[in-house]
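*Asks:* Below is the file protein34.tsv, with TSV, C-alpha atoms.
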chain	number	residue	atom	x	y	z
A	720	MET	CA	0.00	0.00	0.00
A	721	GLN	CA	1.37	3.37	-1.02
A	722	ALA	CA	0.47	7.00	-0.50
A	723	ARG	CA	1.27	9.50	-3.26
A	724	GLY	CA	2.33	13.00	-2.35
A	725	ARG	CA	5.27	15.40	-2.24
A	726	TYR	CA	8.58	15.07	-0.51
A	727	PHE	CA	10.05	18.27	0.92
A	728	PHE	CA	13.79	18.36	1.30
A	729	PRO	CA	15.19	19.21	4.77
A	730	HIS	CA	14.64	22.84	5.75
A	731	SER	CA	13.60	23.76	2.22
A	732	ALA	CA	10.48	24.62	0.26
A	733	ARG	CA	11.79	22.53	-2.65
A	734	CYS	CA	9.75	19.42	-3.23
A	735	ILE	CA	9.31	16.59	-5.72
A	736	ASP	CA	6.61	14.02	-6.38
A	737	ALA	CA	7.14	10.97	-4.22
A	738	VAL	CA	5.56	7.81	-2.84
A	739	ALA	CA	5.42	6.70	0.80
A	740	SER	CA	5.35	3.04	1.82
A	741	LEU	CA	6.00	0.92	4.87
A	742	SER	CA	8.72	-1.67	5.36
A	743	ASP	CA	7.61	-5.30	5.60
A	744	ASP	CA	7.65	-5.23	9.41
A	745	GLY	CA	5.72	-1.92	9.46
A	746	THR	CA	8.32	-0.10	11.55
A	747	VAL	CA	9.95	2.12	8.91
A	748	LEU	CA	8.41	4.57	6.47
A	749	ARG	CA	10.20	4.87	3.17
A	750	ILE	CA	9.89	7.79	0.76
A	751	ALA	CA	10.87	7.09	-2.85
A	752	ASP	CA	10.85	9.26	-5.98
A	753	ALA	CA	9.14	8.41	-9.26
A	754	GLN	CA	12.13	6.25	-10.33
A	755	GLY	CA	12.07	4.24	-7.09
A	756	ALA	CA	15.13	5.85	-5.51
A	757	VAL	CA	14.77	6.01	-1.73
A	758	LEU	CA	14.81	9.61	-0.55
A	759	ALA	CA	14.30	8.94	3.16
A	760	ALA	CA	13.72	6.08	5.59
A	761	ILE	CA	12.37	7.05	9.01
A	762	PRO	CA	11.24	4.87	11.93
A	763	VAL	CA	7.50	5.26	12.30
A	764	LYS	CA	7.90	6.08	16.00
A	765	ASN	CA	9.93	9.18	15.08
A	766	LEU	CA	7.31	10.65	12.75
A	767	ASP	CA	5.31	13.74	13.61
A	768	ILE	CA	1.97	13.27	11.83
A	769	SER	CA	-0.64	16.03	11.60
A	770	ALA	CA	-4.16	15.20	12.78
A	771	ARG	CA	-6.68	14.28	10.15
A	772	LEU	CA	-9.26	16.97	9.46
A	773	GLY	CA	-11.64	16.25	6.60
A	774	THR	CA	-9.84	16.24	3.25
A	775	VAL	CA	-7.01	18.56	4.35
A	776	ARG	CA	-3.64	17.22	3.23
A	777	ARG	CA	-1.69	15.37	5.91
A	778	ARG	CA	1.80	16.43	6.82
A	779	LEU	CA	4.41	13.92	7.98
A	780	SER	CA	7.40	15.70	9.51
A	781	PHE	CA	10.77	13.99	9.84
A	782	PRO	CA	13.46	14.55	12.51
A	783	ASP	CA	15.94	15.96	9.98
A	784	GLY	CA	13.58	18.77	8.90
A	785	ALA	CA	12.29	17.01	5.78
A	786	GLY	CA	8.62	16.23	5.27
A	787	PHE	CA	6.01	14.52	3.19
A	788	ASP	CA	2.46	15.68	2.51
A	789	THR	CA	-0.34	13.77	0.86
A	790	ALA	CA	-4.06	13.82	0.21
A	791	ASP	CA	-4.26	10.01	0.58
A	792	ASN	CA	-5.55	10.27	4.13
A	793	ASP	CA	-7.19	6.86	4.16
A	794	VAL	CA	-3.97	5.19	3.05
A	795	ILE	CA	-1.95	7.01	5.71
A	796	ASP	CA	-4.46	5.95	8.36
A	797	VAL	CA	-4.25	2.32	7.34
A	798	MET	CA	-0.47	2.38	6.94
A	799	LEU	CA	0.19	3.97	10.26
A	800	LYS	CA	-2.99	2.90	12.05
A	801	LYS	CA	-3.26	6.50	13.23
A	802	ARG	CA	-6.60	8.27	12.91
A	803	GLY	CA	-6.70	11.78	14.37
A	804	TRP	CA	-9.21	12.49	17.12
A	805	LEU	CA	-10.65	15.42	15.18
A	806	HIS	CA	-11.44	13.17	12.24
A	807	ARG	CA	-12.98	10.54	14.49
A	808	LEU	CA	-15.22	13.17	16.06
A	809	GLU	CA	-16.33	14.75	12.80
A	810	SER	CA	-16.99	11.34	11.27
A	811	SER	CA	-19.50	10.40	14.00
A	812	TRP	CA	-22.99	11.85	13.53
A	813	ARG	CA	-23.77	11.00	17.13
A	814	THR	CA	-20.85	13.10	18.31
A	815	VAL	CA	-21.87	15.95	16.02
A	816	LEU	CA	-25.46	15.81	17.27
A	817	VAL	CA	-24.37	15.77	20.90
A	818	SER	CA	-22.03	18.68	20.21
A	819	VAL	CA	-24.80	20.74	18.59
A	820	ILE	CA	-27.15	20.04	21.51
A	821	PHE	CA	-24.45	20.86	24.04
A	822	ALA	CA	-23.60	24.10	22.23
A	823	GLY	CA	-27.26	25.10	22.17
A	824	LEU	CA	-27.66	24.37	25.87
A	825	ALA	CA	-24.47	26.27	26.65
A	826	VAL	CA	-25.69	29.33	24.75
A	827	ALA	CA	-29.10	29.18	26.43
A	828	GLY	CA	-27.52	28.70	29.84
A	829	PHE	CA	-25.21	31.65	29.32
A	830	ALA	CA	-28.10	33.85	28.19
A	831	LEU	CA	-30.36	32.84	31.09
A	832	TYR	CA	-27.80	32.64	33.90
A	833	GLY	CA	-24.36	33.74	32.73
A	834	ILE	CA	-25.30	37.20	31.47
A	835	PRO	CA	-27.41	38.12	34.54
A	836	ALA	CA	-24.66	36.87	36.84
A	837	ALA	CA	-22.01	38.85	34.96
A	838	ALA	CA	-24.26	41.93	34.93
A	839	ALA	CA	-24.76	41.67	38.70
A	840	VAL	CA	-21.00	41.55	39.35
A	841	MET	CA	-20.34	44.45	36.98
A	842	ALA	CA	-23.14	46.54	38.48
A	843	ARG	CA	-21.84	46.07	42.03
A	844	HIS	CA	-18.36	47.23	41.02
A	845	THR	CA	-19.26	50.03	38.62
A	846	PRO	CA	-17.40	53.26	39.50
A	847	ALA	CA	-19.59	56.12	40.69
A	848	SER	CA	-18.32	58.26	37.81
A	849	VAL	CA	-19.63	55.75	35.26
A	850	ALA	CA	-23.04	55.55	36.98
A	851	HIS	CA	-23.23	59.36	37.04
A	852	PHE	CA	-22.34	59.60	33.35
A	853	ALA	CA	-25.04	57.12	32.33
A	854	SER	CA	-27.60	58.85	34.55
A	855	THR	CA	-26.82	62.32	33.20
A	856	GLN	CA	-27.04	61.17	29.60
A	857	ALA	CA	-30.32	59.34	30.21
A	858	LEU	CA	-31.89	62.28	32.03
A	859	ASP	CA	-30.87	64.68	29.25
A	860	THR	CA	-32.60	62.41	26.74
A	861	LEU	CA	-35.77	62.13	28.82
A	862	ASP	CA	-35.97	65.84	29.59
A	863	GLY	CA	-35.71	66.62	25.93
A	864	HIS	CA	-38.53	64.34	24.86
A	865	VAL	CA	-41.03	62.97	27.41
A	866	LEU	CA	-40.40	64.87	30.66
A	867	GLN	CA	-41.32	68.50	31.36
A	868	ALA	CA	-40.81	70.86	34.26
A	869	SER	CA	-43.08	69.99	37.18
A	870	GLY	CA	-46.34	71.86	37.31
A	871	LEU	CA	-46.88	71.22	41.01
A	872	SER	CA	-47.10	74.18	43.35
A	873	PRO	CA	-43.95	75.16	45.28
A	874	SER	CA	-45.56	74.03	48.54
A	875	VAL	CA	-46.35	70.57	47.16
A	876	GLN	CA	-42.85	70.25	45.73
A	877	ALA	CA	-41.34	71.26	49.07
A	878	GLN	CA	-43.53	68.71	50.84
A	879	GLN	CA	-42.36	65.93	48.50
A	880	GLN	CA	-38.73	66.89	49.00
A	881	SER	CA	-39.24	66.69	52.77
A	882	LEU	CA	-40.89	63.27	52.51
A	883	PHE	CA	-38.07	62.06	50.27
A	884	ARG	CA	-35.35	63.27	52.65
A	885	GLN	CA	-36.92	61.31	55.49
A	886	VAL	CA	-36.76	58.11	53.43
A	887	ALA	CA	-33.25	58.79	52.11
A	888	ALA	CA	-31.97	59.47	55.64
A	889	GLN	CA	-32.56	55.87	56.70
A	890	ALA	CA	-31.39	54.31	53.41
A	891	PRO	CA	-27.96	52.67	52.99
A	892	PRO	CA	-25.21	55.15	52.02
A	893	ASN	CA	-24.81	55.90	48.32
A	894	PRO	CA	-21.56	57.37	46.88
A	895	GLY	CA	-23.48	60.12	45.10
A	896	GLY	CA	-26.19	60.49	47.73
A	897	TYR	CA	-29.87	60.58	46.81
A	898	ARG	CA	-31.90	63.37	45.24
A	899	LEU	CA	-35.48	63.75	44.07
A	900	LEU	CA	-36.48	65.33	40.77
A	901	LEU	CA	-40.12	66.13	40.01
A	902	ARG	CA	-41.27	66.13	36.41
A	903	ASN	CA	-44.55	66.52	34.56
A	904	ALA	CA	-45.08	63.59	32.18
A	905	PRO	CA	-48.52	63.61	30.57
A	906	LEU	CA	-47.45	61.05	27.99
A	907	VAL	CA	-46.04	58.70	30.61
A	908	GLY	CA	-48.58	59.00	33.40
A	909	PRO	CA	-48.13	57.90	37.03
A	910	ASN	CA	-44.53	56.81	37.22
A	911	ALA	CA	-41.35	56.91	39.27
A	912	PHE	CA	-37.93	55.56	38.43
A	913	ALA	CA	-34.39	55.49	39.77
A	914	LEU	CA	-31.28	56.50	37.87
A	915	PRO	CA	-28.07	54.58	38.64
A	916	ASP	CA	-26.39	57.48	40.47
A	917	GLY	CA	-29.14	57.80	43.10
A	918	THR	CA	-31.41	60.29	41.35
A	919	ILE	CA	-35.09	59.46	41.79
A	920	VAL	CA	-37.59	60.91	39.31
A	921	ALA	CA	-41.29	61.07	40.21
A	922	THR	CA	-43.96	62.38	37.87
A	923	ASP	CA	-46.61	64.91	38.86
A	924	GLN	CA	-49.18	62.31	37.86
A	925	ILE	CA	-48.17	59.76	40.51
A	926	ILE	CA	-47.97	62.44	43.21
A	927	LEU	CA	-51.46	63.73	42.39
A	928	LEU	CA	-52.79	60.17	42.51
A	929	ALA	CA	-51.40	59.56	46.02
A	930	HIS	CA	-53.74	60.09	48.95
A	931	SER	CA	-51.07	60.56	51.59
A	932	GLY	CA	-47.41	61.24	52.18
A	933	ASP	CA	-47.00	57.67	53.41
A	934	GLU	CA	-47.91	56.36	49.97
A	935	MET	CA	-45.27	58.47	48.26
A	936	GLN	CA	-42.68	57.54	50.86
A	937	GLY	CA	-43.36	53.92	49.97
A	938	VAL	CA	-42.70	54.77	46.32
A	939	TYR	CA	-39.47	56.59	47.23
A	940	ALA	CA	-38.29	53.69	49.39
A	941	HIS	CA	-39.04	51.28	46.53
A	942	GLU	CA	-37.01	53.33	44.04
A	943	ILE	CA	-34.11	53.84	46.45
A	944	SER	CA	-33.93	50.06	46.76
A	945	HIS	CA	-33.37	49.87	43.00
A	946	VAL	CA	-30.39	52.21	43.47
A	947	VAL	CA	-29.00	50.25	46.42
A	948	HIS	CA	-29.08	46.98	44.48
A	949	ALA	CA	-27.99	48.61	41.18
A	950	HIS	CA	-31.01	47.12	39.40
A	951	SER	CA	-31.01	49.65	36.55
A	952	LEU	CA	-27.31	49.05	35.91
A	953	GLN	CA	-27.90	45.32	35.84
A	954	ARG	CA	-30.69	45.75	33.32
A	955	ILE	CA	-28.71	47.93	30.95
A	956	TYR	CA	-25.65	45.69	31.31
A	957	GLN	CA	-27.79	42.72	30.35
A	958	ALA	CA	-29.18	44.64	27.38
A	959	SER	CA	-25.77	45.81	26.22
A	960	LEU	CA	-23.15	43.52	27.69
A	961	VAL	CA	-20.25	44.17	25.27
A	962	PRO	CA	-19.92	47.96	25.63
A	963	ALA	CA	-20.72	47.56	29.31
A	964	ALA	CA	-17.84	45.11	29.72
A	965	ILE	CA	-15.46	47.53	27.97
A	966	ALA	CA	-16.56	50.39	30.21
A	967	PHE	CA	-16.26	48.20	33.31
A	968	ILE	CA	-12.79	46.86	32.48
A	969	THR	CA	-11.24	50.05	31.15
A	970	GLY	CA	-13.11	52.56	33.29
A	971	ASP	CA	-13.78	54.57	30.14
A	972	ALA	CA	-17.14	56.27	30.63
A	973	SER	CA	-17.30	57.20	26.93
A	974	GLN	CA	-18.00	53.54	26.20
A	975	LEU	CA	-21.34	54.01	27.94
A	976	GLY	CA	-22.66	56.16	25.12
A	977	HIS	CA	-24.49	53.16	23.68
A	978	ILE	CA	-25.77	52.13	27.10
A	979	ALA	CA	-27.11	55.63	27.75
A	980	THR	CA	-29.38	55.24	24.73
A	981	ILE	CA	-30.89	52.08	26.24
A	982	LEU	CA	-31.39	53.35	29.77
A	983	PRO	CA	-34.31	55.77	29.11
A	984	GLY	CA	-36.44	52.98	27.67
A	985	VAL	CA	-35.57	50.67	30.56
A	986	LEU	CA	-36.55	53.33	33.07
A	987	LEU	CA	-39.78	54.46	31.44
A	988	GLN	CA	-40.98	50.89	31.02
A	989	SER	CA	-39.90	50.04	34.60
A	990	SER	CA	-38.40	47.02	32.91
A	991	TYR	CA	-36.99	45.16	35.89
A	992	SER	CA	-37.23	41.47	36.53
A	993	ARG	CA	-39.85	40.02	38.85
A	994	SER	CA	-37.19	39.27	41.47
A	995	PHE	CA	-35.90	42.86	41.35
A	996	GLU	CA	-39.39	44.25	41.91
A	997	GLN	CA	-40.12	41.88	44.75
A	998	GLN	CA	-36.83	42.82	46.38
A	999	ALA	CA	-37.63	46.54	46.02
A	1000	ASP	CA	-41.14	46.03	47.47
A	1001	ASP	CA	-39.73	44.09	50.43
A	1002	ASP	CA	-37.11	46.76	51.07
A	1003	ALA	CA	-39.77	49.47	50.86
A	1004	ALA	CA	-41.92	47.65	53.40
A	1005	ALA	CA	-38.95	47.28	55.76
A	1006	ALA	CA	-38.06	50.97	55.36
A	1007	MET	CA	-41.62	52.04	56.13
A	1008	ARG	CA	-41.71	49.90	59.25
A	1009	ARG	CA	-38.48	51.50	60.44
A	1010	MET	CA	-40.13	54.89	59.96
A	1011	GLY	CA	-43.23	53.80	61.84
A	1012	LYS	CA	-45.31	53.71	58.66
A	1013	ASN	CA	-47.73	51.05	57.42
A	1014	PRO	CA	-46.47	49.22	54.27
A	1015	ALA	CA	-50.11	48.68	53.28
A	1016	SER	CA	-50.30	52.34	52.24
A	1017	LEU	CA	-48.11	51.59	49.24
A	1018	ALA	CA	-50.45	48.74	48.34
A	1019	GLY	CA	-53.35	51.18	48.17
A	1020	LEU	CA	-51.49	53.42	45.72
A	1021	LEU	CA	-50.59	50.45	43.53
A	1022	GLU	CA	-54.23	49.43	43.29
A	1023	ARG	CA	-55.26	52.99	42.47
A	1024	ILE	CA	-52.73	53.18	39.66
A	1025	ASP	CA	-53.92	49.83	38.39
A	1026	THR	CA	-57.50	51.05	38.27
A	1027	LYS	CA	-56.61	54.32	36.56
A	1028	ILE	CA	-54.11	53.02	34.00
A	1029	CYS	CA	-55.12	49.43	33.39
A	1030	GLY	CA	-58.86	49.61	33.94
A	1031	ARG	CA	-59.48	49.16	30.22
A	1032	GLY	CA	-56.99	46.31	30.00
A	1033	ASN	CA	-54.40	48.28	28.06
A	1034	CYS	CA	-51.55	49.30	30.34
A	1035	GLY	CA	-49.12	51.78	28.85
A	1036	PRO	CA	-45.76	52.75	30.38
A	1037	SER	CA	-46.33	53.25	34.10
A	1038	TRP	CA	-45.10	52.29	37.49
A	1039	LEU	CA	-46.92	48.98	37.00
A	1040	SER	CA	-45.40	48.01	33.65
A	1041	SER	CA	-43.39	44.78	33.72
A	1042	HIS	CA	-44.00	44.47	37.47
A	1043	PRO	CA	-45.53	41.43	39.14
A	1044	ALA	CA	-49.32	41.35	39.28
A	1045	THR	CA	-50.68	44.31	41.24
A	1046	MET	CA	-52.97	42.19	43.40
A	1047	GLU	CA	-50.06	39.94	44.30
A	1048	ARG	CA	-47.85	42.91	45.18
A	1049	ALA	CA	-50.58	44.56	47.22
A	1050	ALA	CA	-51.28	41.37	49.14
A	1051	ARG	CA	-47.58	40.92	49.88
A	1052	LEU	CA	-47.23	44.50	51.12
A	1053	ARG	CA	-50.30	44.17	53.33
A	1054	GLY	CA	-48.82	40.94	54.69
A	1055	GLU	CA	-45.74	42.89	55.69
Spell out the structure here as structure tokens.
*Replies:*
Amino acid sequence: MQARGRYFFPHSARCIDAVASLSDDGTVLRIADAQGAVLAAIPVKNLDISARLGTVRRRLSFPDGAGFDTADNDVIDVMLKKRGWLHRLESSWRTVLVSVIFAGLAVAGFALYGIPAAAAVMARHTPASVAHFASTQALDTLDGHVLQASGLSPSVQAQQQSLFRQVAAQAPPNPGGYRLLLRNAPLVGPNAFALPDGTIVATDQIILLAHSGDEMQGVYAHEISHVVHAHSLQRIYQASLVPAAIAFITGDASQLGHIATILPGVLLQSSYSRSFEQQADDDAAAAMRRMGKNPASLAGLLERIDTKICGRGNCGPSWLSSHPATMERAARLRGE
């Protein structure tokens, strides 16, 4: 049995047509030219043979720097009884099928668990300067399109600021502190959201819908919890992991330009996960208890928003959007 190919002279690109064959005892590989002259004889154990991969030519390298390549892969396999592991894998449909299934599961697992886990780590270690940059960019976008200056009277605004300060005073420390911004948002409706740097935005519409200061303090405590746990950063990191990773690793806030375009939509839609919202509700209930307030007051506001916004079964962007069912949230808060 012979394999036809090319013999490369030691340490040279010069080659000639040649034939490879084994000695009778199968221990020596001989390379001969077209006239039968032996060009090389190498013990099989000293050969360096490239792995088989489809129809790619095999390369047999010799200790003296010479070599032999051939497309007769089947012959080489039989002669040397050496089938590469790559070829064995690609030749098995069972292996290919298992590999495809495994790859699909790996991708799904990374999307469902890997990305959220990575986003959580990145959010917890995001520099305050990066959080401030993203917040400023997002607020500029919102103020230029959907948010307007508050139309509430100065006395009402002062009252809300006082209520907010009471809640912020008992909240965990935040590098940038906490501040409340009031905005009129007729297109958005009753809403409140937290920016990553600790800025809380509440619309006139949600304040006018509240029956008491306790209800709004529950809203403020809920939104401050989103800041404490970096929920908005986690959401935008999940939505834009690549630029977020660059910004996190390099500390370059300019990389957050793309993220800043995503954040306004995340905030307006209150697009947090169910677990994030439950955590924020639980934290709000705990904060209200510490202040001597009844967590059930927040439940009443939630139900009122639900009736006003979703009464016709068509909820637009609001403080209820993408949150767990209102009745479930209200029952949980009353249970607190």
*Asks:* Report, in Å to a single decimal, how far apart atom CA of A:Leu1020 and atom CA of A:Glu996 are.
*Replies:* 15.7 Å
*Asks:* Enter the distance from atom CA of A:Ser931 to atom CA of A:Gly908, in Å, rounded to one decimal.
*Replies:* 18.4 Å
*Asks:* Show which residues sit within 6 Å of stretch 934-943 of chain A, as a list in words. Count all atoms listed in the file, and ignore same-chain residues fewer than 2 positions away.
*Replies:*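 Once the nearby chain positions are removed, what remains is Ala913, Ser931, Gly932, His945, Val946, Ala999, Asp1000, Ala1003, Ser1016 and Leu1017 of chain A.
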*Asks:* Nearest to A:Thr789: which of A:His950, A:Arg777, A:Arg749, A:Arg1053 is it, counting all atoms listed in the file?
*Replies:*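 So, comparing all the options, the nearest one is A:Arg777.
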*Asks:* Could you check the closest approach to A:Ser731 for each of A:Gln957, A:Ser780, A:Ala785, A:Asp923 and tell me which residue wins, using only C-alpha atoms?
*Replies:*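 Under the stated criterion, the closest residue is A:Ala785.
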*Asks:* Need the axis-aligned box for stretch 860-867 of chain A with 5 Å each side, so what are the centre and edges in Å to one decimal, as lines of an AutoDock Vina configuration file?
*Replies:*
center_x = -37.0
center_y = 65.3
center_z = 28.1
size_x = 18.7
size_y = 16.4
size_z = 16.5
*Asks:* Given the choices A:Asp916, A:Asp933, A:Glu1047, A:Asp1025, which gets closest to A:Gly1011 if the distance is worked out from all atoms listed in the file?
*Replies:*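 Nearest to A:Gly1011: A:Asp933.
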*Asks:* When you count only C-alpha atoms, which of these residues is closest to A:Thr922: A:Thr746, A:Ala890, A:Asp791, A:Leu866?
*Replies:*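 When distances to A:Thr922 are compared using only C-alpha atoms, the smallest one comes from A:Leu866.
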*Asks:* When you count only C-alpha atoms, which of these residues is closest to A:Leu900: A:Leu858, A:Leu927, A:Val840, A:Ala888?
*Replies:*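 Residue with the minimum atom-to-atom distance to A:Leu900: A:Leu858.
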